[in-house]
Structures are given as structure tokens and as C-alpha cells.
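Worksheet for the structure shown next.
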Amino acid sequence: MADEIVAYLTDDGKPIPGVDPPPLEPADLLSLYRTMFFNRRFDERMIRLQRQGRIGFFVGSIGEEAAIIGSAYALRPQDWIVPCYREAGAAFLRGFPLRDFLCQVYGNCEDPIKGRQMPCHWVCARLHLASVSSPVGSQIPHAVGIAMAARLRGLDEVALTYFGDGATSTGTFHVACNFAGVFKAPVVFLCRNNQYAISVPVALQTASRNLAVKAEAYGIHAALADGNDVLAMYAVTREAVERARRGEGATLVEALTYRQGAHTTSDDPRAYRSDEEVEQWRKKDPLLRFRNYLESLGLWDSEQETLLERKLEDEFQELVTQVEPLGPPAPESLFEDVYETIPWHLEEQRDWLRESLMYEATEPGL
Amino acid sequence: MPTLNLLQAVNDALRVVMEQDDRVVVFGEDVGRFGGVFRATQGLQERFGADRVFDTPLAEDGIVGVAVGMALNGLRPVAEIQFADFVYPAFDQLVNEAAKMRYRSGGQFSCPIVVRMPYGGGIRGGHYHSQSPEAYFIHTPGLKVVIPSNPYDAKGLLISAIRDNDPVIFMEPKRLYRAVRGDVPEGDYSVELGKAATVRSGSDVTLIAYGSMVHTVLEAADRMAQDEGLSCEVLDLRTLLPFDIEAVLTSARKTGRVVIVHEAPRTCGFGAELAATISEKALLHLQGPVLRVTGFDTPFPYTLENEYLPNYRRILPAVRKLMEY
């Protein structure tokens with residue numbers, strides 16, 4: 001299983017002969033494409049805002065939209081998404097409001113997490129989207145715990161966690177896979193193998209012949225998919241989710257994809273990889289490929305794409321215009337949510353902050 | 001009222017809370033079938049089943065990481081780390097994940113986990129079975145740190161910790177597990193987190209301790225009363241984060257002399273925080289500097305552990321120095 005790459009579409013979007021694509025209705029196909037398209041345009045606009053100095057930082061997912069959105073599409077609303085930091089597309093698919101995302105990026109007074117994290121560290125308990133954390137791999141055991149809790153509470157919920165190829169070198173990846181195997185947890189480990197952990201190529205992360213094969217050692221299921229083929233990503237994830245629901249345990253899915261852009265806006269990939277390499281992967285672009293497929297089915301054309309692009313651009317501009325002028329969170333909010341109730345030492349420190357702010361207000365020269 | 005040792009009190013607390021609350025699950029290495037290497041969870045798997053009381057693979061970051069996930073999805077995990085000396089692989093999960101979940105989610109998630117761990121020396125355990133790592137966790141916004149010194153408090157504090165909606169590091173003085181006994185009420189009661197206990201009233205000097213050192217300090221207070229005619233007040237902090245500032249300052253102002261005793265290393269140990277706070281808030285009441293009697297800034301030794309651990313021979317000179325200051 002771990003050596004056979006599941007794919008339904010060729011690089012130019014033609015159905016691969018002899019394999020039946022997953023049974024998705026035209027409405028599903030269009031929904032997948034629209035979300036991928038939205039994600040791409042969103043990333044481009046956010047990177048532009050960063051380059052203009054209007055936001056501090058951004059993590060994009062250009063080139064990985066199929067891996068992210070195809071897999072998330074296989075989940076039901078009650079299933080959990082335990083993200084890395086590159087899966088905004090999955091959050092948007094779930095219905096995470098773009099406005100909330102932008103407010104978080106700006107860290108303003110309407111940011112749902114009150115300006116406490118760098119951009120792209122979104123969370124939404126209501127939508128079962130766990131909190132993004134920067135240290136690589138730290139979220140993977142959380143998904144196992146969420147899944148074990150669901151089973152113990154008799155809830156029909158599966159947890160899917162995303163991580164990159166670099167995360168497979170962490171201890172928490174290993175312990176999470178091992179716990180999932182031992183406890184047969186209803187969890188899906190979704191590894192976006194985008195070929196690089198910042199600058200380090202996957203060949204320097206592991207001597208395994210691929211990443212999916214690691215599942216074997218933990219006694220969990222494995223799947224290897226063309227991560228730029230959204231149909232393949234949907235199909236393998238769907239199968240993994242169904243398996244988890246049936247009580248047959250966890251699956252490690254490796255999505256073979258490529259990070260076309262920089263690691264983050266703070267990174268310059270030209271320092272560690274060639275333009276030729278990037279160009280090779282651009283030819284396998286997940287959006288291009290899926291769009292060709294939809295066009296061949298008569299479901300999509302450039303007119304619809306232009307209309308969608310314009311609509312997205314208008315919405316985006318409108319929201320940026322709304323949120324950009326919003327001020328920062330109240331200074332006192334610094335002390336909220338450290339604990340359920342504010343203990344004495346934080347009350348005291350909050351008073352010190354208040355005093356210092358009053359001092360600044362009365363002593364403008366400082 | 002039954003007389004229990006500290007270990008039985010811990011076991012009783014788990015039993016009481018698990019009876020009442022289906023969300024409480026207990027797990028760790030050797031915790032299930034065997035009932036824990038110290039037997040703190042003995043009989044719980046038989047009573048509550050292997051779904052709620054279970055053995056885990058041997059990985060502390062996995063134990064705590066899975067506990068965090070369980071808490072996100074509505075459970076109240078009580079994880080055991082077999083020895084506090086083994087908690088470091090789980091440090092990231094505690095400090096960056098559990099402690100920050102409420103904050104970084106803007107209050108959307110909480111992380112009500114309890115991580116129990118036997119700590120401290122006096123059992124001939126050497127470096128890897130004797131450490132007192134409380135300061136690392138007290139330095140971590142988002143965690144609470146609790147250390148009981150007797151069976152009554154152990155049960156009442158553990159019940160409070162499990163019901164608390166924030167992550168709690170619950171450190172158990174393993175040297176006292178079977179060495180102290182006391183009356184422990186049956187059934188449900190709690191000891192409020194954040195409240196110290198004045199275990200002895202006195203007028204000359206305040207001795208502040210927690211966990212196993214409470215007994216060392218009480219013994220010292222007895223001998224100083226007998227040999228030196230000194231009246232020592234003894235404060236058992238019970239909760240270290242957030243600590244009971246009122247109790248600490250009230251006693252410091254009353255006696256004007258404070259000695260803090262802990263077995264953890266001296267530099268940046270919790271005594272330093274207490275000393276600084278007392279100096280900031282009660283300086284004019286003090287007859288001399290706040291002194292610390294602590295473990296040395298060495299690794300915890302095997303053969304020379306009695307030389308390492310604070311005892312009467314080290315507490316007395318500190319008190320004398322203050323009396324003569």
C-alpha cells in the first residue's frame with residue numbers, strides 16, 4: 001500500500017485510464033475547485049499585503065491546495081481538524097470566516113484570539129478547528145487524544161491532523177503514531193510532503209524510501225497519494241476516515257506535493273533550490289490540472305473563472321478596507337485567558353500596566 | 001474517620017472524582033493493571049474499567065500530548081508521570097501547549113488536565129529519581145503548581161486540581177507516600193487551590209516550606225523551641241502557583257523574620273521568588289534579610305543525599321543568623 005501512489009488525473013488533468021475517480025457530484029467538484037481557487041487568490045493577496053508592509057507575516061500554501069482541500073473535503077462537520085500552520089484552505093472550507101482570519105492576521109481588536117499570536121495561527125472551537133501552534137509536530141498527539149476522547153464519549157468524530165515532511169522527524173510524530181496504533185484511535189495523520197522543511201529537503205529528513213512506509217512500524221494503515229490531484233486526496237482521506245469510523249484504527253496519508261512558494265514571507269527559497277526544479281513542479285500545479293479536468297467535463301470555463309476572481313477580489317478588498325483601520329486589542333486583555341479567572345499576581349501586574357499607560361498619557365515626552 | 005497514608009489519600013481522591021465525573025480518565029506508565037509503581041492507582045482499573053484507567057506506551061510527551069487532546073474534546077485527564085525526573089520529554093507539551101491553550105485560543109479552548117508526578121529526594125534515588133523541578137513549571141504562565149505535604153491536603157487538593165479548569169502540575173512528595181498518615185474524611189471534600197496553611201503559630205520567625213520539607217521544618221521548629229526557646233511559625237504553601245500572598249505577607253509582617261526551605265536547587269528556585277516578593281512588599285517589617293535553605297546547585301546526589309537535603313543542621317544556623325541580625 002505504502003508504495004503505490006494513488007492518482008486519478010494526469011499532470012495535465014486527463015483521467016488516468018483504468019481507474020475510476022471517486023463518486024463526486026458536479027456540485028462537489030465545483031465546490032472543491034472554488035475553494036482551491038479562493039485559497040490561491042487569497043494567498044497571493046496576503047503575500048502582496050505583506051510585501052506592501054501592511055501585515056507583518058504570512059504563511060501560504062501555493063501548490064498544496066489539493067492536498068489540503070481535497071483531504072478536508074472528506075471530513076464531516078463534526079470531525080476535527082488539528083492543523084499545522086499551512087491549512088487555511090481547510091479552515092475556509094469548514095466555514096471559518098475570512099474576516100476573522102484577516103483580523104487575526106492584523107492582530108486587531110476583533111481578532112478572535114485577541115492579538116496573541118503571529119499571523120495565520122487561527123483556531124475555531126465551534127468548527128472543531130484546533131489551535132495552530134508553531135513548534136513542528138507538537139499538535140500530532142493532540143489529534144490522537146481528541147480521537148480517543150471522542151470514542152470514549154461515544155461521539156462519532158474522527159480527528160485529522162496535518163503536518164509537513166519535516167514533522168515526521170519529531171518525537172511527537174513517532175509517539176502519536178505509536179499511541180494511535182496501540183489504542184486504535186480514530187485518527188488520520190495527513191502528511192503534506194511538500195519536499196522541504198524550510199530549506200532542508202526530505203532526503204535529509206529520513207532514510208525511509210517514503211514517509212507513508214513509516215506506518216508499517218506502528219501497525220497503522222498507510223496511503224500514498226499524488227498530493228496535487230485533489231480527487232486522489234479526497235479518495236484516500238475518505239477511505240482513511242471511513243476506516244477510522246469503523247473502528248479499524250489510524251491511517252498515515254502521505255501527500256506528494258510541492259511548496260511552490262517560500263516557507264513563509266520571511267524565507268527566500270532561491271537560496272536553496274533551483275528555478276528549474278520549481279518550474280518542473282509548476283507543470284503539475286494542482287489548480288491547473290483540476291481546472292483542465294473540469295473544463296473537459298464542461299463544468300468550468302474561463303468566463304466563470306473571471307467572474308469568480310472578480311467576486312473574490314471585491315470581497316477581499318472590502319474586508320481589508322473594513323479591518324485594516326481597526327485598533328489593537330485593549331491592553332488589559334493581555335491578562336485575560338491565562339487562567340479561567342485572573343489570579344492575584346496577574347491582577348497586580350495588570351494594575352502596573354494601567355499605571356504605566358496613564359503615565360505615558362500624562363507625560364507625552366516619554 | 002479513616003487514617004490513610006499520602007498514597008492512599010491520592011488513590012481515594014481519584015476514586016471519589018471518578019465516581020462522580022465520567023469525564024475523568026487516569027493513565028500513564030504502569031498505571032492500569034499494575035496500579036502504578038507506587039500503587040497510587042491501585043484498584044482503579046478494576047473499579048472503572050480499562051477505558052478510563054489504562055497503561056500507555058512509555059513516552060511522556062505522548063502521555064501529556066494525548067492528555068491535551070483529550071481535554072480539548074471534553075475529558076478531564078489525570079496523567080501520571082512515573083517520576084518527576086522523567087517529565088522533561090513532555091516539557092514542550094506542558095509549557096507550550098497545555099499551559100497556553102486557553103490564551104492562544106482567546107478562551108475558546110481550555111486544557112483541564114492534571115499531571116501527577118512523584119518528586120523529591122530521601123529515597124536513595126539518585127539524580128534520576130529525586131529531583132524537584134517545580135520552578136520550571138512555576139515559571140510558566142498558564143500552569144498551576146500544587147504540592148501537598150500530608151494525606152488530608154493530598155486528597156482535598158487533588159480533587160480541587162481535577163475540578164479546576166486549568167492545567168495543574170500536581171507534585172507528590174514520594175518520600176512521604178507511606179511515611180505520613182493522617183485522618184482523611186471519606187467521600188468528597190476539597191482544599192482550595194492558592195491557599196496556604198499555617199501549620200504552627202509562632203512569633204520569632206516564619207519558616208516557609210511545602211511538600212516534604214514541611215516535615216523537616218516542623219521537626220526543626222520543635223527542636224528550636226526545645227533547645228533554643230524559639231517560637232517558629234510554619235507555613236505550608238500547598239499551592240506554589242498562584243501562591244497565597246496574603247498568608248505569606250501576614251506571617252512575614254508578624255514575625256519579621258523569614259526562612260524559606262525547599263529541596264530544589266537554590267538559584268532561581270521558588271525561594272528566590274518568595275524572598276523577592278516579601279522584600280518588595282514587607283521590607284519595613286523585616287528584622288533581617290529573607291534567607292533560603294535549599295538543595296545545593298549541584299545535581300541531586302546518590303550517596304550524599306542527606307548532605308544535599310536541607311535539615312535541622314542547616315535550618316538552625318539560618319534562624320540563628322536572623323535572630324542575631
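Within each chain, counting starts at residue 1; across the C-alpha cells, chains are named A, B, ... in the order shown, with ligands numbered 1 upward in that order.
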Show me, as a count of residues only, every residue of chain B with an atom at most 8 Å from chain A, counting only C-alpha atoms.
35
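Between atom CA of A:Tyr73 and atom CA of A:Tyr218 the interatomic distance comes to 26.4 Å.
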Mind the document's chain letters and residue numbers, and return as an MDAnalysis selection string the residues of stretch 33-187 of chain A that DSSP labels strand (DSSP E or B).
chainID A and resid 80:82 124 129 159:164 187
Take the selection from the previous step and output its residues with C-alpha atoms, as a compact mmCIF listing (two decimals), in the first residue's frame.
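That gives us out.txt:
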# COMPACT_ATOMS: atom_id res chain seq x y z
CA TRP A 80 -11.77 17.59 13.97
CA ILE A 81 -9.06 19.36 12.05
CA VAL A 82 -5.85 19.62 14.04
CA CYS A 124 -12.20 27.92 16.00
CA LEU A 129 -10.61 23.56 14.30
CA ALA A 159 -9.63 13.67 14.10
CA LEU A 160 -7.43 14.59 11.14
CA THR A 161 -4.10 16.24 11.79
CA TYR A 162 -1.91 17.96 9.23
CA PHE A 163 1.84 18.23 9.30
CA GLY A 164 4.72 18.52 6.87
CA VAL A 187 -7.39 9.45 13.64
Atomic distance atom CA of B:Phe27 - atom CA of B:Phe170, expressed in Å with one decimal:
14.5 Å
Run DSSP on the backbone of this structure and report the residues of stretch 191-356 of chain A it assigns to helix (DSSP H, G or I), as a PyMOL selection string.
chain A and resi 202-204+214-218+230-245+269-271+275-282+286-296+302-323+331-335+344-356
For B:Cys232, please output as a list in words all residues within 8 Å (counting only C-alpha atoms; exclusion window: fewer than 4 positions along the same chain).
Arg200, Ser201, Gly202, Ser203, Asp204, Val205, Thr206, Leu207, Ala221, Met224 and Ala225 of chain B
Residue subset to file, keeping C-alpha atoms, as a compact mmCIF listing (two decimals), in the first residue's frame:
# COMPACT_ATOMS: atom_id res chain seq x y z
CA ARG B 200 2.14 26.10 63.53
CA SER B 201 1.78 29.54 65.01
CA GLY B 202 4.82 31.30 66.37
CA SER B 203 6.26 34.74 66.98
CA ASP B 204 10.03 34.77 66.40
CA VAL B 205 10.50 33.54 62.86
CA THR B 206 8.43 32.27 59.92
CA LEU B 207 9.55 29.08 58.24
CA ALA B 221 10.75 24.07 64.85
CA MET B 224 14.47 25.01 68.22
CA ALA B 225 11.63 25.50 70.66
